[in-house]
>>> print(open('entry16.csv').read())   # CSV, C-alpha atoms
chain,number,residue,atom,x,y,z
A,1,MET,CA,0.0,0.0,0.0
A,2,GLU,CA,2.9,2.3,0.5
A,3,HIS,CA,4.0,2.4,-3.2
A,4,GLY,CA,7.5,3.6,-2.1
A,5,LEU,CA,6.1,7.0,-1.1
A,6,PRO,CA,5.9,7.0,2.7
A,7,GLN,CA,6.0,10.8,2.7
A,8,GLY,CA,2.6,10.7,1.0
A,9,LEU,CA,1.0,8.9,3.9
A,10,LEU,CA,-0.6,10.6,6.8
A,11,ASN,CA,-1.9,9.1,10.0
A,12,VAL,CA,-5.2,10.6,11.1
A,13,VAL,CA,-5.7,9.8,14.8
A,14,ASP,CA,-8.7,10.2,17.2
A,15,ILE,CA,-8.7,8.9,20.8
A,16,GLU,CA,-11.4,8.2,23.3
A,17,ALA,CA,-10.5,8.4,27.0
A,18,THR,CA,-12.2,7.6,30.3
A,19,CYS,CA,-14.5,10.4,31.2
A,20,TRP,CA,-17.2,11.4,33.7
A,21,ASP,CA,-20.2,13.6,34.0
A,22,GLY,CA,-18.3,16.1,36.1
A,23,GLN,CA,-15.0,15.7,38.0
A,24,PRO,CA,-13.1,12.3,38.0
A,25,PRO,CA,-13.7,10.2,41.1
A,26,PRO,CA,-11.0,10.5,43.7
A,27,GLY,CA,-7.8,8.8,42.6
A,28,GLN,CA,-8.8,8.4,39.0
A,29,VAL,CA,-7.4,10.3,36.0
A,30,SER,CA,-8.6,10.4,32.4
A,31,GLU,CA,-6.8,7.7,30.3
A,32,ILE,CA,-6.8,6.7,26.7
A,33,ILE,CA,-9.1,3.7,26.1
A,34,GLU,CA,-9.4,3.7,22.3
A,35,ILE,CA,-7.1,4.8,19.5
A,36,GLY,CA,-8.7,5.2,16.1
A,37,LEU,CA,-6.2,5.6,13.2
A,38,THR,CA,-7.0,6.1,9.5
A,39,VAL,CA,-4.2,6.1,7.0
A,40,VAL,CA,-4.6,8.7,4.2
A,41,ASP,CA,-2.6,8.6,1.0
A,42,LEU,CA,-2.2,12.3,0.1
A,43,ASP,CA,-0.9,11.3,-3.4
A,44,SER,CA,-3.9,9.3,-4.5
A,45,LEU,CA,-6.3,11.2,-2.2
A,46,GLU,CA,-7.7,8.1,-0.6
A,47,ARG,CA,-8.2,6.5,2.8
A,48,VAL,CA,-6.1,3.4,2.6
A,49,GLY,CA,-6.2,1.9,6.1
A,50,ARG,CA,-8.6,1.8,9.1
A,51,HIS,CA,-7.4,0.7,12.5
A,52,ARG,CA,-8.7,0.5,16.0
A,53,VAL,CA,-6.6,-0.2,19.1
A,54,LEU,CA,-8.3,-0.7,22.5
A,55,VAL,CA,-6.3,0.3,25.5
A,56,ARG,CA,-6.7,-1.0,29.0
A,57,PRO,CA,-6.9,1.7,31.6
A,58,GLN,CA,-4.6,1.4,34.7
A,59,ARG,CA,-5.7,4.3,36.9
A,60,SER,CA,-9.4,4.7,36.0
A,61,THR,CA,-12.6,2.8,35.2
A,62,VAL,CA,-15.1,3.3,32.4
A,63,SER,CA,-18.1,5.2,33.8
A,64,ALA,CA,-21.7,4.8,32.7
A,65,PHE,CA,-21.4,8.3,31.2
A,66,CYS,CA,-18.4,7.2,29.2
A,67,THR,CA,-20.1,4.1,27.9
A,68,GLU,CA,-23.1,6.2,26.9
A,69,LEU,CA,-20.8,8.7,25.1
A,70,THR,CA,-18.4,6.3,23.4
A,71,GLY,CA,-20.1,2.9,23.4
A,72,LEU,CA,-17.1,1.4,25.1
A,73,THR,CA,-17.6,-0.7,28.2
A,74,GLY,CA,-15.2,-1.6,31.0
A,75,PRO,CA,-15.1,-5.3,30.1
A,76,GLU,CA,-14.4,-4.4,26.5
A,77,VAL,CA,-11.5,-2.1,27.2
A,78,ASP,CA,-10.1,-4.5,29.7
A,79,THR,CA,-9.3,-6.8,26.8
A,80,GLY,CA,-7.1,-4.0,25.3
A,81,LEU,CA,-3.4,-3.5,25.3
A,82,PRO,CA,-1.5,-1.7,28.1
A,83,PHE,CA,-0.8,1.9,27.1
A,84,SER,CA,2.9,1.3,26.6
A,85,ALA,CA,2.2,-1.6,24.2
A,86,ALA,CA,-0.3,0.5,22.3
A,87,CYS,CA,2.3,3.2,21.8
A,88,ARG,CA,4.9,0.6,20.6
A,89,LEU,CA,2.3,-0.7,18.2
A,90,LEU,CA,1.7,2.8,16.8
A,91,ALA,CA,5.5,3.2,16.3
A,92,THR,CA,6.2,-0.2,14.8
A,93,GLU,CA,3.0,-1.1,12.7
A,94,HIS,CA,1.9,2.5,11.8
A,95,ARG,CA,5.3,4.3,11.6
A,96,ALA,CA,3.9,7.0,13.9
A,97,GLY,CA,7.4,8.5,14.5
A,98,GLU,CA,8.0,8.8,10.8
A,99,ARG,CA,4.7,9.8,9.2
A,100,PRO,CA,3.1,13.2,9.7
A,101,TRP,CA,-0.1,12.9,11.7
A,102,ALA,CA,-3.3,14.9,12.2
A,103,SER,CA,-6.1,15.1,14.7
A,104,TRP,CA,-9.2,17.3,15.1
A,105,GLY,CA,-7.9,19.9,17.5
A,106,ASP,CA,-4.9,19.5,19.9
A,107,TYR,CA,-6.6,17.4,22.6
A,108,ASP,CA,-5.3,14.1,21.2
A,109,GLN,CA,-1.7,15.3,21.0
A,110,ARG,CA,-1.9,16.7,24.5
A,111,GLN,CA,-3.4,13.6,26.0
A,112,PHE,CA,-0.8,11.4,24.5
A,113,ALA,CA,2.0,13.7,25.8
A,114,ARG,CA,0.5,13.9,29.3
A,115,GLN,CA,-0.1,10.1,29.6
A,116,CYS,CA,3.4,9.3,28.2
A,117,ARG,CA,4.9,11.6,30.8
A,118,ALA,CA,2.8,10.1,33.6
A,119,THR,CA,3.7,6.5,32.7
A,120,GLY,CA,7.3,6.9,31.5
A,121,THR,CA,6.3,5.7,28.0
A,122,ALA,CA,8.2,6.9,24.9
A,123,TYR,CA,6.0,9.4,22.9
A,124,PRO,CA,5.2,7.4,19.8
A,125,PHE,CA,4.7,10.3,17.3
A,126,GLY,CA,7.0,12.5,15.4
A,127,HIS,CA,6.8,16.3,15.5
A,128,ARG,CA,4.8,16.8,12.3
A,129,HIS,CA,1.3,17.2,13.8
A,130,THR,CA,-1.4,19.1,12.0
A,131,ASN,CA,-4.5,20.4,13.8
A,132,ALA,CA,-7.1,19.6,11.1
A,133,LYS,CA,-9.7,21.7,12.9
A,134,ALA,CA,-7.5,24.8,12.6
A,135,VAL,CA,-6.8,24.1,8.9
A,136,PHE,CA,-10.5,23.6,8.2
A,137,THR,CA,-11.4,26.8,10.1
A,138,ASP,CA,-8.9,28.9,8.1
A,139,ALA,CA,-9.8,27.3,4.8
A,140,ARG,CA,-13.5,28.2,5.3
A,141,GLY,CA,-12.8,31.6,6.8
A,142,LEU,CA,-14.9,30.7,9.9
A,143,ARG,CA,-14.8,32.8,13.1
A,144,ARG,CA,-15.2,29.8,15.4
A,145,ARG,CA,-13.6,26.4,15.2
A,146,PRO,CA,-16.3,23.8,14.5
A,147,GLY,CA,-16.6,20.3,16.1
A,148,MET,CA,-16.1,17.4,13.7
A,149,ALA,CA,-19.8,16.7,13.2
A,150,GLN,CA,-20.5,20.4,12.3
A,151,ALA,CA,-17.5,20.4,10.0
A,152,LEU,CA,-18.8,17.3,8.1
A,153,GLU,CA,-22.2,19.1,7.7
A,154,LEU,CA,-20.5,22.3,6.4
A,155,ALA,CA,-18.5,20.2,4.0
A,156,GLY,CA,-21.6,18.3,2.8
A,157,LEU,CA,-20.2,15.0,4.0
A,158,PRO,CA,-22.0,12.2,5.9
A,159,LEU,CA,-21.1,11.3,9.5
A,160,GLU,CA,-20.2,7.6,9.0
A,161,GLY,CA,-20.6,5.3,12.0
A,162,ARG,CA,-20.9,6.5,15.6
A,163,HIS,CA,-19.7,9.9,16.8
A,164,HIS,CA,-17.3,9.5,19.7
A,165,SER,CA,-16.0,6.1,18.4
A,166,GLY,CA,-12.3,6.7,17.9
A,167,ALA,CA,-12.2,4.5,14.8
A,168,ASP,CA,-15.2,6.1,13.2
A,169,ASP,CA,-14.2,9.6,14.2
A,170,ALA,CA,-10.7,9.1,12.6
A,171,TRP,CA,-12.4,7.8,9.5
A,172,ASN,CA,-14.6,10.9,9.3
A,173,ILE,CA,-11.8,13.3,10.1
A,174,ALA,CA,-9.8,11.7,7.3
A,175,ALA,CA,-12.7,12.5,4.9
A,176,LEU,CA,-12.4,16.2,6.0
A,177,VAL,CA,-8.6,16.1,5.4
A,178,LEU,CA,-9.2,14.8,1.9
A,179,THR,CA,-11.6,17.6,1.1
A,180,LEU,CA,-9.0,20.1,2.3
A,181,ALA,CA,-6.3,18.3,0.3
A,182,ARG,CA,-8.4,18.3,-2.9
A,183,SER,CA,-9.0,22.0,-2.6
A,184,GLY,CA,-5.3,22.8,-2.0
A,185,HIS,CA,-5.7,23.8,1.6
A,186,TRP,CA,-3.9,20.9,3.3
A,187,PRO,CA,-0.2,21.7,4.1
A,188,SER,CA,1.9,19.7,1.6
A,189,ASP,CA,4.3,18.6,4.3
A,190,ALA,CA,3.2,19.6,7.8
A,191,ALA,CA,5.8,21.7,9.5
A,192,PRO,CA,7.3,20.5,12.7
A,193,GLY,CA,4.8,21.0,15.6
A,194,ARG,CA,5.1,23.5,18.3
A,195,GLY,CA,6.5,20.9,20.8
A,196,LEU,CA,4.4,18.3,22.5
A,197,LEU,CA,2.1,20.7,24.4
>>> encode(input="entry16.csv", output="structure tokens")
Amino acid sequence: MEHGLPQGLLNVVDIEATCWDGQPPPGQVSEIIEIGLTVVDLDSLERVGRHRVLVRPQRSTVSAFCTELTGLTGPEVDTGLPFSAACRLLATEHRAGERPWASWGDYDQRQFARQCRATGTAYPFGHRHTNAKAVFTDARGLRRRPGMAQALELAGLPLEGRHHSGADDAWNIAALVLTLARSGHWPSDAAPGRGLL
């Protein structure tokens, strides 16, 4: 699938994390429980890979609120990889350190950086991160940055799958990236990011 042009591939990432309706319970912290990753070929302008990695939380549990929002249950995420293994998988199987990557907003990047620091895990990504929400906002001349679902509506694209499923959201964000690339608004090679935070 790589066609000898790894610089043409972009990882679009969307994560889901443990969450609560209000503050976390005492002793719990928000942790990544799902990593959705869609590979976009910016040369052929196609989505060429769709992946989902479940991650087992260590310092939190999946609340009823979180299950309602994401569809993920405690028993389901308990079958996932430890966070450190999930990061290694991103680095080895998805070349996260080499390929540029994008997410809708900066939350995903910050959460990875925060959790890597807290657990002593090597940060799996390279520095070429693009905030697709910011690019979309600038390309459309919008005053406020829209959520993903609103951006799909503005672009005339369907919301495929379930909103707040990491795998489905990454797939939908990739569709928005492709509309930006087709209209010449996607940066040809995303500049190095502004650090991890």
>>> atom_distance(input="entry16.csv", atom1="atom CA of A:Val40", atom2="atom CA of A:Val12")
7.2 Å
>>> residues_around(input="entry16.csv", residues="A:Ala118", least_positions_apart="5", cutoff="12 Å", atoms="all atoms listed in the file", output="mmCIF file with C-alpha atoms, in the frame of the given file")
data_model
loop_
_atom_site.group_PDB
_atom_site.id
_atom_site.type_symbol
_atom_site.label_atom_id
_atom_site.label_comp_id
_atom_site.auth_asym_id
_atom_site.auth_seq_id
_atom_site.Cartn_x
_atom_site.Cartn_y
_atom_site.Cartn_z
ATOM 1 C CA VAL A 29 -7.400 10.300 36.000
ATOM 2 C CA SER A 30 -8.600 10.400 32.400
ATOM 3 C CA GLU A 31 -6.800 7.700 30.300
ATOM 4 C CA GLN A 58 -4.600 1.400 34.700
ATOM 5 C CA ARG A 59 -5.700 4.300 36.900
ATOM 6 C CA PHE A 83 -0.800 1.900 27.100
ATOM 7 C CA SER A 84 2.900 1.300 26.600
ATOM 8 C CA GLN A 111 -3.400 13.600 26.000
ATOM 9 C CA PHE A 112 -0.800 11.400 24.500
ATOM 10 C CA ALA A 113 2.000 13.700 25.800
ATOM 11 C CA TYR A 123 6.000 9.400 22.900
#
>>> closest_residue(input="entry16.csv", among="A:Leu42, A:Cys116, A:Ala170, A:Cys19", to="A:Ala64", atoms="all atoms listed in the file")
A:Cys19
>>> atom_distance(input="entry16.csv", atom1="atom CA of A:Asp106", atom2="atom CA of A:Gln150")
17.4 Å
>>> closest_residue(input="entry16.csv", among="A:Gly141, A:Phe125, A:Leu9, A:Trp20", to="A:Leu69", atoms="all atoms listed in the file")
A:Trp20
>>> residues_around(input="entry16.csv", residues="A:Val177", least_positions_apart="5", cutoff="9 Å", atoms="all atoms listed in the file", output="ChimeraX atom specification")
/A:12,40,102,132,135-136,172,182,186
>>> atom_distance(input="entry16.csv", atom1="atom CA of A:Ala96", atom2="atom CA of A:Ile33")
18.1 Å
>>> closest_residue(input="entry16.csv", among="A:Leu152, A:Leu180, A:Ala122, A:Ala174", to="A:Val39", atoms="all atoms listed in the file")
A:Ala174
>>> residues_around(input="entry16.csv", residues="A:Thr73", least_positions_apart="5", cutoff="9 Å", atoms="only C-alpha atoms", output="PyMOL selection string")
chain A and resi 62-64+66-68+78
>>> closest_residue(input="entry16.csv", among="A:Thr130, A:Thr18, A:Ser60, A:Ser165", to="A:Gly36", atoms="only C-alpha atoms")
A:Ser165
>>> residues_around(input="entry16.csv", residues="A:Arg110", least_positions_apart="2", cutoff="12 Å", atoms="only C-alpha atoms", output="MDAnalysis selection string")
chainID A and resid 14:15 31:32 103:108 112:117 123 125 129 131 193:197
>>> closest_residue(input="entry16.csv", among="A:Thr70, A:Thr121, A:Gln23, A:Ser44", to="A:Ala91", atoms="all atoms listed in the file")
A:Thr121
>>> residues_around(input="entry16.csv", residues="A:Ala155", least_positions_apart="6", cutoff="12 Å", atoms="only C-alpha atoms", output="PDB file with C-alpha atoms, in the coordinates of the input")
ATOM      1  CA  PHE A 136     -10.500  23.600   8.200  1.00  0.00           C
ATOM      2  CA  THR A 137     -11.400  26.800  10.100  1.00  0.00           C
ATOM      3  CA  ALA A 139      -9.800  27.300   4.800  1.00  0.00           C
ATOM      4  CA  ARG A 140     -13.500  28.200   5.300  1.00  0.00           C
ATOM      5  CA  PRO A 146     -16.300  23.800  14.500  1.00  0.00           C
ATOM      6  CA  MET A 148     -16.100  17.400  13.700  1.00  0.00           C
ATOM      7  CA  ALA A 149     -19.800  16.700  13.200  1.00  0.00           C
ATOM      8  CA  ASN A 172     -14.600  10.900   9.300  1.00  0.00           C
ATOM      9  CA  ILE A 173     -11.800  13.300  10.100  1.00  0.00           C
ATOM     10  CA  ALA A 175     -12.700  12.500   4.900  1.00  0.00           C
ATOM     11  CA  LEU A 176     -12.400  16.200   6.000  1.00  0.00           C
ATOM     12  CA  VAL A 177      -8.600  16.100   5.400  1.00  0.00           C
ATOM     13  CA  LEU A 178      -9.200  14.800   1.900  1.00  0.00           C
ATOM     14  CA  THR A 179     -11.600  17.600   1.100  1.00  0.00           C
ATOM     15  CA  LEU A 180      -9.000  20.100   2.300  1.00  0.00           C
ATOM     16  CA  SER A 183      -9.000  22.000  -2.600  1.00  0.00           C
TER      17      SER A 183
END
>>> residues_near_point(input="entry16.csv", point="(-6.2, -1.2, 26.8)", cutoff="6 Å", atoms="all atoms listed in the file", output="MDAnalysis selection string")
chainID A and resid 33 54:57 77:78 80:82
>>> write_last_selection(input="entry16.csv", atoms="C-alpha atoms", output="PDB file, in the coordinates of the input")
ATOM      1  CA  ILE A  33      -9.100   3.700  26.100  1.00  0.00           C
ATOM      2  CA  LEU A  54      -8.300  -0.700  22.500  1.00  0.00           C
ATOM      3  CA  VAL A  55      -6.300   0.300  25.500  1.00  0.00           C
ATOM      4  CA  ARG A  56      -6.700  -1.000  29.000  1.00  0.00           C
ATOM      5  CA  PRO A  57      -6.900   1.700  31.600  1.00  0.00           C
ATOM      6  CA  VAL A  77     -11.500  -2.100  27.200  1.00  0.00           C
ATOM      7  CA  ASP A  78     -10.100  -4.500  29.700  1.00  0.00           C
ATOM      8  CA  GLY A  80      -7.100  -4.000  25.300  1.00  0.00           C
ATOM      9  CA  LEU A  81      -3.400  -3.500  25.300  1.00  0.00           C
ATOM     10  CA  PRO A  82      -1.500  -1.700  28.100  1.00  0.00           C
TER      11      PRO A  82
END
>>> closest_residue(input="entry16.csv", among="A:His127, A:Arg99, A:His164, A:Arg47", to="A:Ile35", atoms="all atoms listed in the file")
A:His164
>>> build_atoms(input="entry16.csv", residues="stretch 56-78 of chain A", atoms="N, CA and C atoms", output="short mmCIF file (atom, residue, chain, number, x, y, z; two decimals), in the frame of the given file")
data_model
loop_
_atom_site.label_atom_id
_atom_site.label_comp_id
_atom_site.auth_asym_id
_atom_site.auth_seq_id
_atom_site.Cartn_x
_atom_site.Cartn_y
_atom_site.Cartn_z
N ARG A 56 -6.20 -0.71 27.67
CA ARG A 56 -6.70 -1.00 29.00
C ARG A 56 -6.26 0.05 30.00
N PRO A 57 -7.23 0.70 30.66
CA PRO A 57 -6.90 1.70 31.60
C PRO A 57 -6.24 1.16 32.88
N GLN A 58 -5.31 1.88 33.48
CA GLN A 58 -4.60 1.40 34.70
C GLN A 58 -5.08 2.20 35.93
N ARG A 59 -5.46 3.47 35.75
CA ARG A 59 -5.70 4.30 36.90
C ARG A 59 -7.16 4.91 36.85
N SER A 60 -8.03 4.27 36.10
CA SER A 60 -9.40 4.70 36.00
C SER A 60 -10.30 3.59 35.53
N THR A 61 -11.60 3.78 35.67
CA THR A 61 -12.60 2.80 35.20
C THR A 61 -13.53 3.51 34.24
N VAL A 62 -14.18 2.73 33.39
CA VAL A 62 -15.10 3.30 32.40
C VAL A 62 -16.45 3.55 33.12
N SER A 63 -16.86 4.80 33.16
CA SER A 63 -18.10 5.20 33.80
C SER A 63 -19.30 4.90 32.91
N ALA A 64 -20.50 4.91 33.50
CA ALA A 64 -21.70 4.80 32.70
C ALA A 64 -21.84 5.91 31.70
N PHE A 65 -21.44 7.11 32.12
CA PHE A 65 -21.40 8.30 31.20
C PHE A 65 -20.53 8.05 30.04
N CYS A 66 -19.34 7.50 30.29
CA CYS A 66 -18.40 7.20 29.20
C CYS A 66 -18.90 6.18 28.26
N THR A 67 -19.54 5.14 28.78
CA THR A 67 -20.10 4.10 27.90
C THR A 67 -21.21 4.69 27.04
N GLU A 68 -22.04 5.56 27.63
CA GLU A 68 -23.10 6.20 26.90
C GLU A 68 -22.54 7.05 25.74
N LEU A 69 -21.45 7.76 26.04
CA LEU A 69 -20.80 8.70 25.10
C LEU A 69 -20.11 7.90 23.95
N THR A 70 -19.30 6.93 24.35
CA THR A 70 -18.40 6.30 23.40
C THR A 70 -18.84 4.91 22.91
N GLY A 71 -19.75 4.29 23.66
CA GLY A 71 -20.10 2.90 23.40
C GLY A 71 -19.21 1.88 23.94
N LEU A 72 -18.12 2.33 24.55
CA LEU A 72 -17.10 1.40 25.10
C LEU A 72 -17.50 1.02 26.54
N THR A 73 -17.32 -0.25 26.87
CA THR A 73 -17.60 -0.70 28.20
C THR A 73 -16.32 -1.13 28.93
N GLY A 74 -16.40 -1.21 30.26
CA GLY A 74 -15.20 -1.60 31.00
C GLY A 74 -14.72 -2.99 30.62
N PRO A 75 -15.58 -4.03 30.54
CA PRO A 75 -15.10 -5.30 30.10
C PRO A 75 -14.45 -5.34 28.73
N GLU A 76 -14.97 -4.49 27.83
CA GLU A 76 -14.40 -4.40 26.50
C GLU A 76 -12.99 -3.83 26.50
N VAL A 77 -12.80 -2.70 27.18
CA VAL A 77 -11.50 -2.10 27.20
C VAL A 77 -10.49 -2.88 28.02
N ASP A 78 -10.99 -3.68 28.95
CA ASP A 78 -10.10 -4.50 29.70
C ASP A 78 -9.42 -5.60 28.89
#
